[in-house]
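Asker: If it helps, the file is called entry.tsv and holds TSV, C-alpha atoms and all ligand atoms:
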```
chain	number	residue	atom	x	y	z
Y	1	MET	CA	60.72	24.77	-18.48
Y	2	ILE	CA	59.32	21.33	-17.81
Y	3	ARG	CA	57.85	19.65	-20.85
Y	4	PHE	CA	55.06	17.31	-20.02
Y	5	SER	CA	54.66	13.88	-21.53
Y	6	GLU	CA	52.49	13.16	-24.54
Y	7	ARG	CA	50.62	10.77	-22.29
Y	8	LEU	CA	49.75	13.56	-19.87
Y	9	GLU	CA	48.82	15.94	-22.67
Y	10	SER	CA	46.55	13.29	-24.21
Y	11	LEU	CA	44.32	13.14	-21.11
Y	12	PRO	CA	41.02	14.94	-21.69
Y	13	GLY	CA	39.71	17.26	-18.93
Y	14	TYR	CA	38.19	15.24	-16.08
Y	15	PRO	CA	34.38	15.65	-16.11
Y	16	LEU	CA	33.91	16.67	-12.47
Y	17	ALA	CA	36.98	18.92	-12.27
Y	18	GLU	CA	35.40	22.37	-12.69
Y	19	ILE	CA	32.11	21.86	-10.92
Y	20	PRO	CA	33.29	22.37	-7.30
Y	21	THR	CA	34.61	25.86	-8.14
Y	22	ILE	CA	31.38	27.01	-9.81
Y	23	LYS	CA	29.33	25.39	-7.05
Y	24	ARG	CA	31.32	27.20	-4.35
Y	25	ARG	CA	30.80	30.52	-6.12
Y	26	LEU	CA	27.03	29.95	-6.28
Y	27	LEU	CA	26.81	28.80	-2.66
Y	28	GLU	CA	28.73	31.91	-1.55
Y	29	ALA	CA	26.18	33.98	-3.46
Y	30	GLY	CA	23.41	32.28	-1.45
Y	31	VAL	CA	22.09	30.01	-4.24
Y	32	ASP	CA	20.34	26.81	-3.12
Y	33	VAL	CA	22.39	24.34	-5.15
Y	34	ILE	CA	21.15	20.77	-5.69
Y	35	ASP	CA	24.15	18.64	-6.55
Y	36	LEU	CA	23.30	15.65	-8.74
Y	37	GLY	CA	26.80	15.52	-10.21
Y	38	ALA	CA	29.09	12.97	-8.56
Y	39	GLY	CA	27.81	9.48	-7.76
Y	40	ASP	CA	28.19	10.11	-4.05
Y	41	ASN	CA	25.10	9.20	-2.07
Y	42	ASP	CA	23.86	11.39	0.80
Y	43	THR	CA	23.33	8.37	3.11
Y	44	PRO	CA	25.89	7.84	5.91
Y	45	PRO	CA	28.30	4.88	5.97
Y	46	PRO	CA	27.07	1.83	7.94
Y	47	ALA	CA	27.37	1.98	11.75
Y	48	ALA	CA	29.20	-1.38	11.66
Y	49	ALA	CA	31.94	0.18	9.51
Y	50	VAL	CA	32.17	3.35	11.62
Y	51	GLU	CA	32.35	1.47	14.92
Y	52	THR	CA	34.90	-1.05	13.65
Y	53	MET	CA	36.98	1.77	12.21
Y	54	THR	CA	36.87	3.72	15.49
Y	55	ALA	CA	38.14	0.70	17.43
Y	56	ALA	CA	40.68	-0.12	14.71
Y	57	LEU	CA	42.23	3.34	15.05
Y	58	ARG	CA	43.20	2.43	18.63
Y	59	ASN	CA	45.06	-0.67	17.46
Y	60	PRO	CA	48.60	0.40	16.53
Y	61	ALA	CA	49.12	-2.79	14.49
Y	62	LEU	CA	46.54	-1.47	12.03
Y	63	SER	CA	48.50	1.76	11.55
Y	64	LYS	CA	51.34	-0.11	9.86
Y	65	TYR	CA	51.88	-0.49	6.11
Y	66	GLY	CA	49.31	-2.83	4.65
Y	67	PHE	CA	51.37	-3.71	1.57
Y	68	GLN	CA	49.54	-5.63	-1.12
Y	69	GLN	CA	48.77	-8.53	1.16
Y	70	GLY	CA	46.68	-6.20	3.30
Y	71	LEU	CA	44.43	-7.60	5.98
Y	72	LEU	CA	43.71	-11.30	5.58
Y	73	GLU	CA	40.39	-10.68	7.35
Y	74	PHE	CA	39.31	-8.33	4.52
Y	75	ARG	CA	40.36	-10.76	1.81
Y	76	GLN	CA	38.42	-13.50	3.58
Y	77	ALA	CA	35.33	-11.31	4.01
Y	78	ALA	CA	35.49	-10.36	0.30
Y	79	SER	CA	35.81	-14.00	-0.70
Y	80	ARG	CA	32.88	-15.01	1.57
Y	81	TRP	CA	30.78	-12.16	0.14
Y	82	ILE	CA	31.40	-13.23	-3.46
Y	83	ASP	CA	30.47	-16.78	-2.54
Y	84	ARG	CA	27.22	-15.69	-0.85
Y	85	ARG	CA	26.35	-13.17	-3.55
Y	86	PHE	CA	27.26	-15.14	-6.70
Y	87	GLY	CA	27.94	-18.70	-5.52
Y	88	ILE	CA	31.56	-18.52	-6.73
Y	89	ARG	CA	34.66	-19.48	-4.75
Y	90	PHE	CA	37.85	-17.41	-4.79
Y	91	ASP	CA	40.89	-18.17	-2.70
Y	92	PRO	CA	41.30	-15.14	-0.39
Y	93	VAL	CA	45.10	-15.18	-0.64
Y	94	SER	CA	45.77	-15.75	-4.34
Y	95	GLU	CA	42.51	-14.73	-6.04
Y	96	VAL	CA	41.43	-11.56	-4.21
Y	97	LEU	CA	43.30	-8.24	-4.01
Y	98	PRO	CA	42.42	-5.22	-1.83
Y	99	LEU	CA	42.33	-1.93	-3.77
Y	100	ILE	CA	42.44	1.73	-2.73
Y	101	GLY	CA	39.01	2.06	-4.32
Y	102	SER	CA	38.22	0.19	-7.52
Y	103	LYS	CA	39.25	3.22	-9.63
Y	104	GLU	CA	42.81	2.67	-8.52
Y	105	GLY	CA	42.87	-0.97	-9.62
Y	106	LEU	CA	41.04	-0.34	-12.89
Y	107	SER	CA	43.32	2.50	-13.91
Y	108	HIS	CA	46.52	0.63	-13.00
Y	109	LEU	CA	45.55	-2.61	-14.73
Y	110	PRO	CA	46.58	-1.60	-18.28
Y	111	LEU	CA	50.18	-1.27	-17.04
Y	112	ALA	CA	50.16	-5.06	-16.61
Y	113	VAL	CA	49.25	-5.90	-20.22
Y	114	ILE	CA	49.99	-2.98	-22.56
Y	115	ASN	CA	53.07	-2.77	-24.78
Y	116	ASN	CA	53.68	0.14	-27.15
Y	117	GLY	CA	51.16	0.09	-29.97
Y	118	ASP	CA	48.68	-2.17	-28.20
Y	119	VAL	CA	45.02	-1.23	-28.17
Y	120	ALA	CA	42.75	-0.77	-25.16
Y	121	ILE	CA	39.02	-0.92	-25.93
Y	122	VAL	CA	37.24	1.81	-24.01
Y	123	PRO	CA	33.46	2.26	-23.96
Y	124	GLU	CA	32.12	5.78	-24.53
Y	125	PRO	CA	30.27	7.24	-22.72
Y	126	GLY	CA	32.03	5.58	-19.83
Y	127	TYR	CA	33.83	5.95	-16.54
Y	128	GLN	CA	36.79	8.14	-17.39
Y	129	ALA	CA	39.33	6.12	-15.39
Y	130	TYR	CA	39.34	3.51	-18.17
Y	131	LEU	CA	40.47	6.02	-20.76
Y	132	GLY	CA	42.90	7.61	-18.32
Y	133	GLY	CA	44.45	4.29	-17.34
Y	134	ALA	CA	44.74	3.27	-20.98
Y	135	LEU	CA	46.38	6.55	-22.06
Y	136	LEU	CA	48.77	6.64	-19.11
Y	137	SER	CA	49.92	3.11	-19.90
Y	138	GLY	CA	50.75	4.14	-23.47
Y	139	ALA	CA	47.89	2.18	-25.04
Y	140	GLU	CA	46.15	3.34	-28.17
Y	141	PRO	CA	42.53	3.66	-27.05
Y	142	TYR	CA	39.86	2.32	-29.35
Y	143	ILE	CA	36.73	4.23	-28.42
Y	144	ALA	CA	33.67	2.01	-28.71
Y	145	PRO	CA	30.47	4.09	-28.68
Y	146	LEU	CA	27.61	2.81	-26.52
Y	147	ARG	CA	24.40	3.56	-28.38
Y	148	PRO	CA	20.78	3.56	-27.26
Y	149	GLU	CA	19.80	1.36	-30.22
Y	150	ASN	CA	22.16	-1.33	-28.83
Y	151	GLN	CA	20.84	-0.87	-25.27
Y	152	PHE	CA	24.23	0.76	-24.53
Y	153	LEU	CA	26.01	-2.60	-24.85
Y	154	LEU	CA	29.51	-2.80	-26.25
Y	155	ASN	CA	29.26	-5.56	-28.84
Y	156	LEU	CA	32.85	-6.75	-29.17
Y	157	ASP	CA	31.97	-9.10	-32.04
Y	158	GLU	CA	31.05	-6.06	-34.16
Y	159	LEU	CA	34.44	-4.34	-33.81
Y	160	PRO	CA	36.91	-4.39	-36.72
Y	161	ALA	CA	39.06	-7.55	-36.84
Y	162	GLU	CA	42.22	-5.41	-36.72
Y	163	VAL	CA	41.14	-3.82	-33.44
Y	164	LEU	CA	40.41	-7.20	-31.88
Y	165	ARG	CA	43.78	-8.47	-33.08
Y	166	ARG	CA	45.67	-5.57	-31.49
Y	167	ALA	CA	43.56	-5.22	-28.34
Y	168	LYS	CA	45.01	-6.34	-25.02
Y	169	ILE	CA	42.30	-5.13	-22.67
Y	170	VAL	CA	38.64	-4.13	-22.71
Y	171	PHE	CA	36.75	-2.35	-19.95
Y	172	LEU	CA	33.12	-3.23	-19.33
Y	173	ASN	CA	30.75	-1.96	-16.67
Y	174	TYR	CA	27.17	-3.15	-16.13
Y	175	PRO	CA	25.06	-1.88	-14.37
Y	176	ASN	CA	26.59	1.00	-16.24
Y	177	ASN	CA	27.80	4.46	-15.38
Y	178	PRO	CA	26.57	6.73	-16.92
Y	179	THR	CA	23.85	5.03	-19.01
Y	180	ALA	CA	22.41	2.83	-16.20
Y	181	ALA	CA	22.18	-0.02	-18.76
Y	182	VAL	CA	22.36	-3.61	-17.56
Y	183	ALA	CA	23.77	-6.71	-19.27
Y	184	SER	CA	22.26	-10.16	-19.66
Y	185	VAL	CA	24.18	-13.36	-19.02
Y	186	GLU	CA	23.88	-14.17	-22.75
Y	187	TYR	CA	25.56	-10.89	-23.66
Y	188	LEU	CA	28.35	-11.54	-21.16
Y	189	ALA	CA	28.85	-15.06	-22.56
Y	190	ARG	CA	29.28	-13.62	-26.10
Y	191	THR	CA	31.75	-11.09	-24.74
Y	192	VAL	CA	33.81	-13.67	-22.86
Y	193	ALA	CA	33.93	-15.81	-26.02
Y	194	VAL	CA	35.42	-12.92	-28.04
Y	195	CYS	CA	37.96	-12.15	-25.29
Y	196	ARG	CA	39.00	-15.79	-25.16
Y	197	ALA	CA	39.29	-16.03	-28.94
Y	198	HIS	CA	41.55	-12.95	-29.10
Y	199	GLY	CA	43.41	-13.13	-25.78
Y	200	ILE	CA	41.89	-9.86	-24.54
Y	201	LEU	CA	41.86	-9.16	-20.80
Y	202	LEU	CA	38.31	-8.37	-19.71
Y	203	ALA	CA	38.30	-5.79	-16.91
Y	204	TYR	CA	34.77	-6.22	-15.60
Y	205	ASP	CA	33.79	-3.29	-13.40
Y	206	ASN	CA	30.93	-4.39	-11.16
Y	207	ALA	CA	30.88	-1.31	-8.91
Y	208	TYR	CA	27.07	-1.12	-9.05
Y	209	CYS	CA	26.20	-4.84	-8.81
Y	210	ASP	CA	24.24	-4.31	-5.58
Y	211	LEU	CA	22.27	-1.32	-6.78
Y	212	THR	CA	19.57	-2.95	-8.87
Y	213	PHE	CA	15.82	-2.47	-9.01
Y	214	ASP	CA	12.55	-4.21	-9.89
Y	215	GLY	CA	13.98	-7.56	-8.76
Y	216	TYR	CA	16.81	-7.46	-11.35
Y	217	ARG	CA	19.98	-9.22	-10.15
Y	218	ALA	CA	23.32	-8.20	-11.69
Y	219	PRO	CA	25.54	-11.19	-12.52
Y	220	SER	CA	29.26	-11.62	-11.92
Y	221	ILE	CA	31.39	-12.10	-15.01
Y	222	PHE	CA	32.56	-15.32	-13.38
Y	223	GLU	CA	29.10	-16.82	-13.78
Y	224	ILE	CA	30.16	-17.25	-17.41
Y	225	PRO	CA	32.06	-20.50	-18.06
Y	226	GLY	CA	35.58	-19.74	-19.28
Y	227	ALA	CA	35.69	-16.23	-17.78
Y	228	ARG	CA	38.44	-17.30	-15.40
Y	229	ASP	CA	40.82	-17.52	-18.34
Y	230	VAL	CA	40.45	-13.87	-19.33
Y	231	ALA	CA	38.69	-11.75	-16.70
Y	232	LEU	CA	39.33	-9.75	-13.57
Y	233	GLU	CA	36.32	-8.38	-11.74
Y	234	PHE	CA	36.31	-5.16	-9.74
Y	235	PHE	CA	34.09	-4.46	-6.75
Y	236	SER	CA	33.75	-1.32	-4.68
Y	237	LEU	CA	32.51	-0.51	-1.20
Y	238	SER	CA	31.92	3.09	-2.29
Y	239	LYS	CA	28.44	2.94	-3.74
Y	240	SER	CA	26.82	-0.01	-1.95
Y	241	TYR	CA	27.90	1.17	1.50
Y	242	SER	CA	28.17	4.95	1.02
Y	243	MET	CA	31.90	4.73	1.74
Y	244	THR	CA	33.22	6.71	-1.24
Y	245	GLY	CA	35.84	8.64	0.73
Y	246	TRP	CA	37.15	5.60	2.60
Y	247	ARG	CA	38.76	4.32	-0.61
Y	248	LEU	CA	38.18	0.61	-0.51
Y	249	GLY	CA	37.48	-1.95	-3.19
Y	250	PHE	CA	38.82	-5.28	-4.34
Y	251	ALA	CA	39.56	-7.30	-7.43
Y	252	ALA	CA	38.81	-10.99	-7.87
Y	253	GLY	CA	40.10	-13.32	-10.53
Y	254	PRO	CA	42.55	-16.06	-11.42
Y	255	PRO	CA	45.90	-16.07	-9.54
Y	256	GLU	CA	48.01	-15.07	-12.56
Y	257	LEU	CA	45.92	-11.95	-13.29
Y	258	ILE	CA	45.65	-11.01	-9.61
Y	259	GLY	CA	49.41	-11.59	-9.41
Y	260	ALA	CA	50.09	-9.25	-12.34
Y	261	LEU	CA	48.01	-6.42	-10.86
Y	262	THR	CA	49.64	-7.03	-7.46
Y	263	ARG	CA	53.04	-6.65	-9.08
Y	264	VAL	CA	52.12	-3.31	-10.68
Y	265	LYS	CA	50.61	-2.03	-7.47
Y	266	SER	CA	53.56	-3.01	-5.34
Y	267	TYR	CA	55.53	-0.32	-7.23
Y	268	VAL	CA	52.94	2.45	-7.02
Y	269	ASP	CA	51.12	2.06	-3.70
Y	270	THR	CA	51.22	0.23	-0.41
Y	271	GLY	CA	47.60	-0.89	-0.18
Y	272	PRO	CA	44.54	0.52	1.58
Y	273	PHE	CA	44.76	1.60	5.23
Y	274	LEU	CA	44.46	-1.58	7.32
Y	275	ALA	CA	41.90	0.00	9.65
Y	276	VAL	CA	39.72	0.75	6.61
Y	277	GLN	CA	40.10	-2.88	5.49
Y	278	LYS	CA	38.99	-4.02	8.94
Y	279	ALA	CA	35.90	-1.78	8.70
Y	280	GLY	CA	35.28	-2.97	5.14
Y	281	ALA	CA	35.32	-6.58	6.30
Y	282	ALA	CA	32.67	-5.74	8.91
Y	283	ALA	CA	30.51	-4.07	6.22
Y	284	LEU	CA	30.86	-6.96	3.75
Y	285	ASP	CA	29.96	-9.52	6.38
Y	286	GLN	CA	26.62	-7.74	6.87
Y	287	GLY	CA	26.39	-6.80	3.20
Y	288	GLU	CA	22.91	-8.04	2.38
Y	289	ALA	CA	21.27	-6.37	5.39
Y	290	LEU	CA	23.15	-3.09	4.88
Y	291	VAL	CA	22.57	-2.72	1.16
Y	292	ALA	CA	18.84	-3.57	1.11
Y	293	PRO	CA	17.69	-0.18	2.51
Y	294	ILE	CA	20.08	1.74	0.23
Y	295	ARG	CA	18.72	-0.13	-2.76
Y	296	GLN	CA	15.11	0.54	-1.71
Y	297	GLU	CA	15.80	4.24	-1.19
Y	298	LEU	CA	17.46	4.50	-4.60
Y	299	GLU	CA	14.47	2.81	-6.20
Y	300	ARG	CA	12.14	5.35	-4.54
Y	301	ARG	CA	14.36	8.17	-5.79
Y	302	ARG	CA	14.50	6.70	-9.28
Y	303	ASP	CA	10.69	6.50	-9.45
Y	304	ALA	CA	10.21	10.03	-8.12
Y	305	ALA	CA	12.81	11.50	-10.48
Y	306	VAL	CA	11.56	9.68	-13.57
Y	307	GLU	CA	7.97	10.79	-12.86
Y	308	ALA	CA	8.97	14.41	-12.18
Y	309	LEU	CA	11.23	14.63	-15.22
Y	310	ARG	CA	8.51	13.27	-17.48
Y	311	GLN	CA	6.19	15.99	-16.20
Y	312	THR	CA	8.73	18.68	-16.98
Y	313	GLY	CA	9.31	17.70	-20.59
Y	314	PHE	CA	11.95	14.94	-20.55
Y	315	GLN	CA	11.58	11.45	-21.95
Y	316	VAL	CA	13.25	9.00	-19.64
Y	317	ASP	CA	12.72	5.32	-18.87
Y	318	PRO	CA	13.30	3.88	-15.39
Y	319	PRO	CA	16.65	2.04	-15.35
Y	320	ARG	CA	17.12	-1.33	-13.63
Y	321	GLY	CA	20.49	-0.61	-12.08
Y	322	ALA	CA	23.21	1.82	-10.95
Y	323	MET	CA	22.38	5.15	-9.33
Y	324	TYR	CA	21.92	7.37	-12.36
Y	325	LEU	CA	19.38	8.55	-14.89
Y	326	TRP	CA	20.77	9.01	-18.38
Y	327	VAL	CA	18.33	11.48	-19.81
Y	328	PRO	CA	18.02	12.22	-23.54
Y	329	LEU	CA	17.90	15.87	-24.60
Y	330	PRO	CA	15.84	17.11	-27.54
Y	331	THR	CA	17.71	17.16	-30.85
Y	332	GLY	CA	19.83	20.27	-31.25
Y	333	VAL	CA	20.22	20.99	-27.52
Y	334	SER	CA	23.89	20.76	-26.57
Y	335	SER	CA	24.43	18.86	-23.34
Y	336	ALA	CA	27.16	21.29	-22.23
Y	337	ASP	CA	24.83	24.30	-22.74
Y	338	PHE	CA	22.08	22.54	-20.90
Y	339	ALA	CA	24.30	21.59	-17.93
Y	340	LYS	CA	25.66	25.15	-17.78
Y	341	HIS	CA	22.15	26.63	-17.68
Y	342	ALA	CA	21.07	24.00	-15.16
Y	343	LEU	CA	23.87	25.01	-12.80
Y	344	GLU	CA	24.44	28.71	-13.33
Y	345	LYS	CA	20.80	29.79	-13.84
Y	346	ASN	CA	18.91	27.11	-11.92
Y	347	GLY	CA	21.33	25.82	-9.26
Y	348	VAL	CA	21.30	22.14	-10.26
Y	349	VAL	CA	24.51	20.21	-10.89
Y	350	VAL	CA	24.11	17.57	-13.60
Y	351	LEU	CA	26.79	16.17	-15.87
Y	352	PRO	CA	26.57	16.84	-19.60
Y	353	GLY	CA	26.76	13.69	-21.69
Y	354	SER	CA	29.68	15.19	-23.61
Y	355	ALA	CA	31.75	15.08	-20.39
Y	356	PHE	CA	31.83	11.30	-20.90
Y	357	GLY	CA	33.19	11.72	-24.44
Y	358	PRO	CA	31.59	12.81	-27.73
Y	359	ALA	CA	29.41	9.67	-27.88
Y	360	GLY	CA	27.66	10.91	-24.73
Y	361	GLU	CA	26.33	14.00	-26.54
Y	362	GLY	CA	22.55	14.28	-26.58
Y	363	PHE	CA	22.18	13.13	-22.95
Y	364	PHE	CA	22.79	14.38	-19.44
Y	365	ARG	CA	23.37	12.38	-16.26
Y	366	ILE	CA	21.58	12.76	-12.96
Y	367	ALA	CA	22.97	11.00	-9.89
Y	368	LEU	CA	20.21	9.91	-7.50
Y	369	THR	CA	22.15	11.23	-4.54
Y	370	VAL	CA	19.44	13.29	-2.81
Y	371	GLY	CA	15.97	12.39	-1.52
Y	372	ALA	CA	12.80	12.19	-3.63
Y	373	LYS	CA	11.54	15.68	-2.65
Y	374	ARG	CA	14.79	17.38	-3.66
Y	375	LEU	CA	14.81	15.40	-6.89
Y	376	GLN	CA	11.34	16.74	-7.68
Y	377	VAL	CA	12.54	20.30	-7.09
Y	378	ALA	CA	15.57	19.57	-9.26
Y	379	ALA	CA	13.36	18.17	-12.04
Y	380	ASP	CA	11.28	21.39	-12.07
Y	381	ARG	CA	14.42	23.47	-12.32
Y	382	LEU	CA	15.80	21.24	-15.07
Y	383	GLY	CA	12.55	21.73	-16.98
Y	384	SER	CA	13.14	25.50	-16.75
Y	385	ALA	CA	16.73	25.06	-17.91
Y	386	LEU	CA	15.53	23.12	-20.93
Y	387	GLN	CA	13.12	25.90	-21.88
Y	388	GLN	CA	15.83	28.54	-21.44
Y	389	VAL	CA	18.30	26.64	-23.61
Y	390	ARG	CA	15.70	26.06	-26.29
Y	391	ARG	CA	14.72	29.75	-26.30
Y	392	GLY	CA	18.42	30.61	-26.54
Y	393	ALA	CA	18.91	28.19	-29.44
Y	394	VAL	CA	15.91	29.67	-31.28
Y	395	ALA	CA	17.15	33.22	-30.61
Y	396	THR	CA	20.61	32.37	-31.98
Y	397	THR	CA	19.26	30.74	-35.14
Y	398	ALA	CA	16.76	33.57	-35.78
H	1	LIG	C1	31.77	2.66	-13.15
H	1	LIG	C2	32.57	2.99	-11.96
H	1	LIG	N1	33.58	2.21	-11.62
H	1	LIG	C3	34.36	2.49	-10.56
H	1	LIG	C4	34.11	3.61	-9.81
H	1	LIG	C5	35.09	3.95	-8.71
H	1	LIG	O1	34.70	3.57	-7.50
H	1	LIG	P1	35.72	3.62	-6.28
H	1	LIG	O2	35.21	4.65	-5.36
H	1	LIG	O3	35.68	2.21	-5.74
H	1	LIG	O4	37.08	3.94	-6.79
H	1	LIG	C6	33.08	4.47	-10.12
H	1	LIG	C7	32.85	5.70	-9.35
H	1	LIG	O5	32.12	6.57	-9.71
H	1	LIG	C8	32.28	4.15	-11.24
H	1	LIG	O6	31.28	4.93	-11.61
```
Starting from the coordinates I provided, produce the structure as structure tokens.
Ligand SMILES: Cc1ncc(COP(=O)(O)O)c(C=O)c1O
Answerer:
Amino acid sequence: MIRFSERLESLPGYPLAEIPTIKRRLLEAGVDVIDLGAGDNDTPPPAAAVETMTAALRNPALSKYGFQQGLLEFRQAASRWIDRRFGIRFDPVSEVLPLIGSKEGLSHLPLAVINNGDVAIVPEPGYQAYLGGALLSGAEPYIAPLRPENQFLLNLDELPAEVLRRAKIVFLNYPNNPTAAVASVEYLARTVAVCRAHGILLAYDNAYCDLTFDGYRAPSIFEIPGARDVALEFFSLSKSYSMTGWRLGFAAGPPELIGALTRVKSYVDTGPFLAVQKAGAAALDQGEALVAPIRQELERRRDAAVEALRQTGFQVDPPRGAMYLWVPLPTGVSSADFAKHALEKNGVVVLPGSAFGPAGEGFFRIALTVGAKRLQVAADRLGSALQQVRRGAVATTA
């Protein structure tokens, strides 16, 4: 018998793991399922990426190993994009690193800084790859709850001194998945100051920086003076360009931190497919024009969903970023029960807040991945699910 490692056993169930099976069963039974689970938009990838990829497939040189160096053209396009987007210069060779999706880089990063007994600060609710990466590296996770009364910000300066002393890495993500919260430059400056004071690596996950609404502009962590001493920033082509399955992202930061992640990765992967990097470069070079319509469509969806949910008994405020609604449930309604009713009785996939860790209880997450009309239908069905769960709760207590 094979005995699995404590690290493996310590991993909680992955939030999206069971949904495809239940969804398939319902679809086979003829149910009209509306899937608002994964953050995977229904819009197609940009034509520029598809056409470049098609041509790239005919170039045998791009079928070779990419290794960590990857395609210089992609590194250069990423560096140009950061400069245009944030006005910050990164050397394409030493300060940018292609990733097989940003999840890959984020989850491998702890291996570069964690020794036995070190702490990784992990926000909860949060993207589960942070916790997974921390646990697999042997870190002791310190779960920092994100609370509505703090606008879902992780205030590092409020953590116990002992945690800050032992911490080697903190993960932060704004615009945030799943809460859709955004962070001000002042907040980021306070955070960078704490990381500098305690020598904590700040893994700043900016996967949703392009998906912002009402004129809000998401900053880069490197807009904060001093961030270059402690931070790596992660970007993804998945959400902005509807290229989730292509697996392409990149990290930017100072050469020594990029070098450390490169070293880890050179032992576990051989870099993204070069043809995908070529297509990614084409997308990034047209980034502003390509993302504008996606952002506008998401804003329309957000408005339609917020309005419809309010009419069906939910209290939700319109978020300024990301592609999610983080919707509070009435006190006493379990998010897992609600999500189960939503899917099995009403054909709508949403994620229960508890799937993002206990601190997510009391909420559920909707991904704005279908058009406004479908979102309105979904909101009606979610209203029914809420009534059913409440009736059930009353019946059980009675
Ligand atoms: C906060 C956050 N970071 C990173 C990712 C991963 O993106 P990628 O597809 O680049 O691995 C996701 C995907 O859902 C996410 O929500």
Asker: Counting only C-alpha atoms and all ligand atoms, which residues of chain Y sit at most 9 Å from some atom of ligand LIG 1 (chain H), and what is each one's closest atom pair with its distance in Å to one decimal, listed by chain and rising residue number, as a tab-separated table?
Answerer:
```
residue	atom	partner	partner_atom	distance
Y:Ala38	CA	H:LIG1	O5	7.2
Y:Gly39	CA	H:LIG1	O5	5.6
Y:Asp40	CA	H:LIG1	O5	7.7
Y:Leu99	CA	H:LIG1	O3	8.1
Y:Ile100	CA	H:LIG1	O4	7.1
Y:Gly101	CA	H:LIG1	O3	3.6
Y:Ser102	CA	H:LIG1	O3	3.7
Y:Lys103	CA	H:LIG1	O4	3.6
Y:Glu104	CA	H:LIG1	O4	6.1
Y:Gly105	CA	H:LIG1	O4	8.1
Y:Leu106	CA	H:LIG1	C3	7.6
Y:Gly126	CA	H:LIG1	C1	7.3
Y:Tyr127	CA	H:LIG1	C1	5.2
Y:Gln128	CA	H:LIG1	C1	8.6
Y:Ala129	CA	H:LIG1	C3	7.8
Y:Tyr130	CA	H:LIG1	N1	8.8
Y:Leu172	CA	H:LIG1	C1	8.6
Y:Asn173	CA	H:LIG1	C1	5.9
Y:Tyr174	CA	H:LIG1	C1	8.0
Y:Pro175	CA	H:LIG1	C1	8.2
Y:Asn176	CA	H:LIG1	C1	6.3
Y:Asn177	CA	H:LIG1	C1	4.9
Y:Pro178	CA	H:LIG1	O6	7.3
Y:Asp205	CA	H:LIG1	N1	5.8
Y:Asn206	CA	H:LIG1	N1	7.1
Y:Ala207	CA	H:LIG1	N1	5.2
Y:Tyr208	CA	H:LIG1	C1	7.3
Y:Phe234	CA	H:LIG1	C3	7.9
Y:Phe235	CA	H:LIG1	O3	6.9
Y:Ser236	CA	H:LIG1	O3	4.2
Y:Leu237	CA	H:LIG1	O3	6.2
Y:Ser238	CA	H:LIG1	O2	4.8
Y:Lys239	CA	H:LIG1	O2	7.2
Y:Met243	CA	H:LIG1	O2	7.8
Y:Thr244	CA	H:LIG1	O2	5.0
Y:Gly245	CA	H:LIG1	O2	7.3
Y:Trp246	CA	H:LIG1	O2	8.2
Y:Arg247	CA	H:LIG1	O2	5.9
Y:Leu248	CA	H:LIG1	O3	6.0
Y:Gly249	CA	H:LIG1	O3	5.2
Y:Phe250	CA	H:LIG1	O3	8.2
Y:Ala322	CA	H:LIG1	O6	8.7
```
Asker: Mind checking which residues fall within 10 Å of Arg300 of chain Y, counting all atoms listed in the file, ignoring those fewer than 5 positions away in the same chain, and posting them as a ChimeraX atom specification?
Answerer: /Y:213,294-295,305,368,371-372
Asker: For a test of reading the model, state the distance in Å between atom CA of Ile22 of chain Y and atom CA of Ser334 of chain Y, rounded to one decimal.
Answerer: 19.4 Å
Asker: I'd like the interatomic distance between atom CA of Val349 of chain Y and atom CA of Pro44 of chain Y, to a tenth of an Å.
Answerer: 20.9 Å
Asker: Pick out the closest residue to Asp214 of chain Y from this set: Y:Leu386, Y:Ile143, Y:Leu298, Y:Val119. Count only C-alpha atoms.
Answerer: Y:Leu298
Asker: Counting all atoms listed in the file, what is within 12 Å of Cys195 of chain Y, bar same-chain residues fewer than 6 positions away, as an NGL selection string?
Answerer: :Y and (121 or 155-157 or 164-172 or 188-189 or 201-204 or 226-231)
Asker: Between Y:Ile221, Y:Ala281, Y:Leu36, Y:Leu71, which is the closest to Val192 of chain Y once you count only C-alpha atoms?
Answerer: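 Nearest to Val192 of chain Y: Y:Ile221.
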Asker: Please check which residues have atoms at most 12 Å from (51.3, 0.7, 7.0) in the file's coordinates, counting all atoms listed in the file, and write them as a count of residues only.
Answerer: 21
Asker: So which residues touch segment 3-14 of chain Y within 7 Å, counting all atoms listed in the file, skipping near sequence neighbours fewer than 6 positions away, as a ChimeraX atom specification?
Answerer: /Y:132,135-136,138
Asker: Mind listing whatever residues come within 8 Å of the point (11.2, 14.9, -9.7)? Use all atoms listed in the file, file coordinates, and give them as a list in words.
Answerer: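 Those within range, by chain then number, are Ala304, Ala305, Val306, Glu307, Ala308, Leu309, Ala372, Lys373, Arg374, Leu375, Gln376, Val377, Ala378, Ala379 and Asp380 of chain Y.
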Asker: Create the file for the chosen residues now, containing C-alpha atoms and written as a short mmCIF file (atom, residue, chain, number, x, y, z; two decimals), keeping the file's coordinate frame.
Answerer:
```
data_model
loop_
_atom_site.label_atom_id
_atom_site.label_comp_id
_atom_site.auth_asym_id
_atom_site.auth_seq_id
_atom_site.Cartn_x
_atom_site.Cartn_y
_atom_site.Cartn_z
CA ALA Y 304 10.21 10.03 -8.12
CA ALA Y 305 12.81 11.50 -10.48
CA VAL Y 306 11.56 9.68 -13.57
CA GLU Y 307 7.97 10.79 -12.86
CA ALA Y 308 8.97 14.41 -12.18
CA LEU Y 309 11.23 14.63 -15.22
CA ALA Y 372 12.80 12.19 -3.63
CA LYS Y 373 11.54 15.68 -2.65
CA ARG Y 374 14.79 17.38 -3.66
CA LEU Y 375 14.81 15.40 -6.89
CA GLN Y 376 11.34 16.74 -7.68
CA VAL Y 377 12.54 20.30 -7.09
CA ALA Y 378 15.57 19.57 -9.26
CA ALA Y 379 13.36 18.17 -12.04
CA ASP Y 380 11.28 21.39 -12.07
#
```
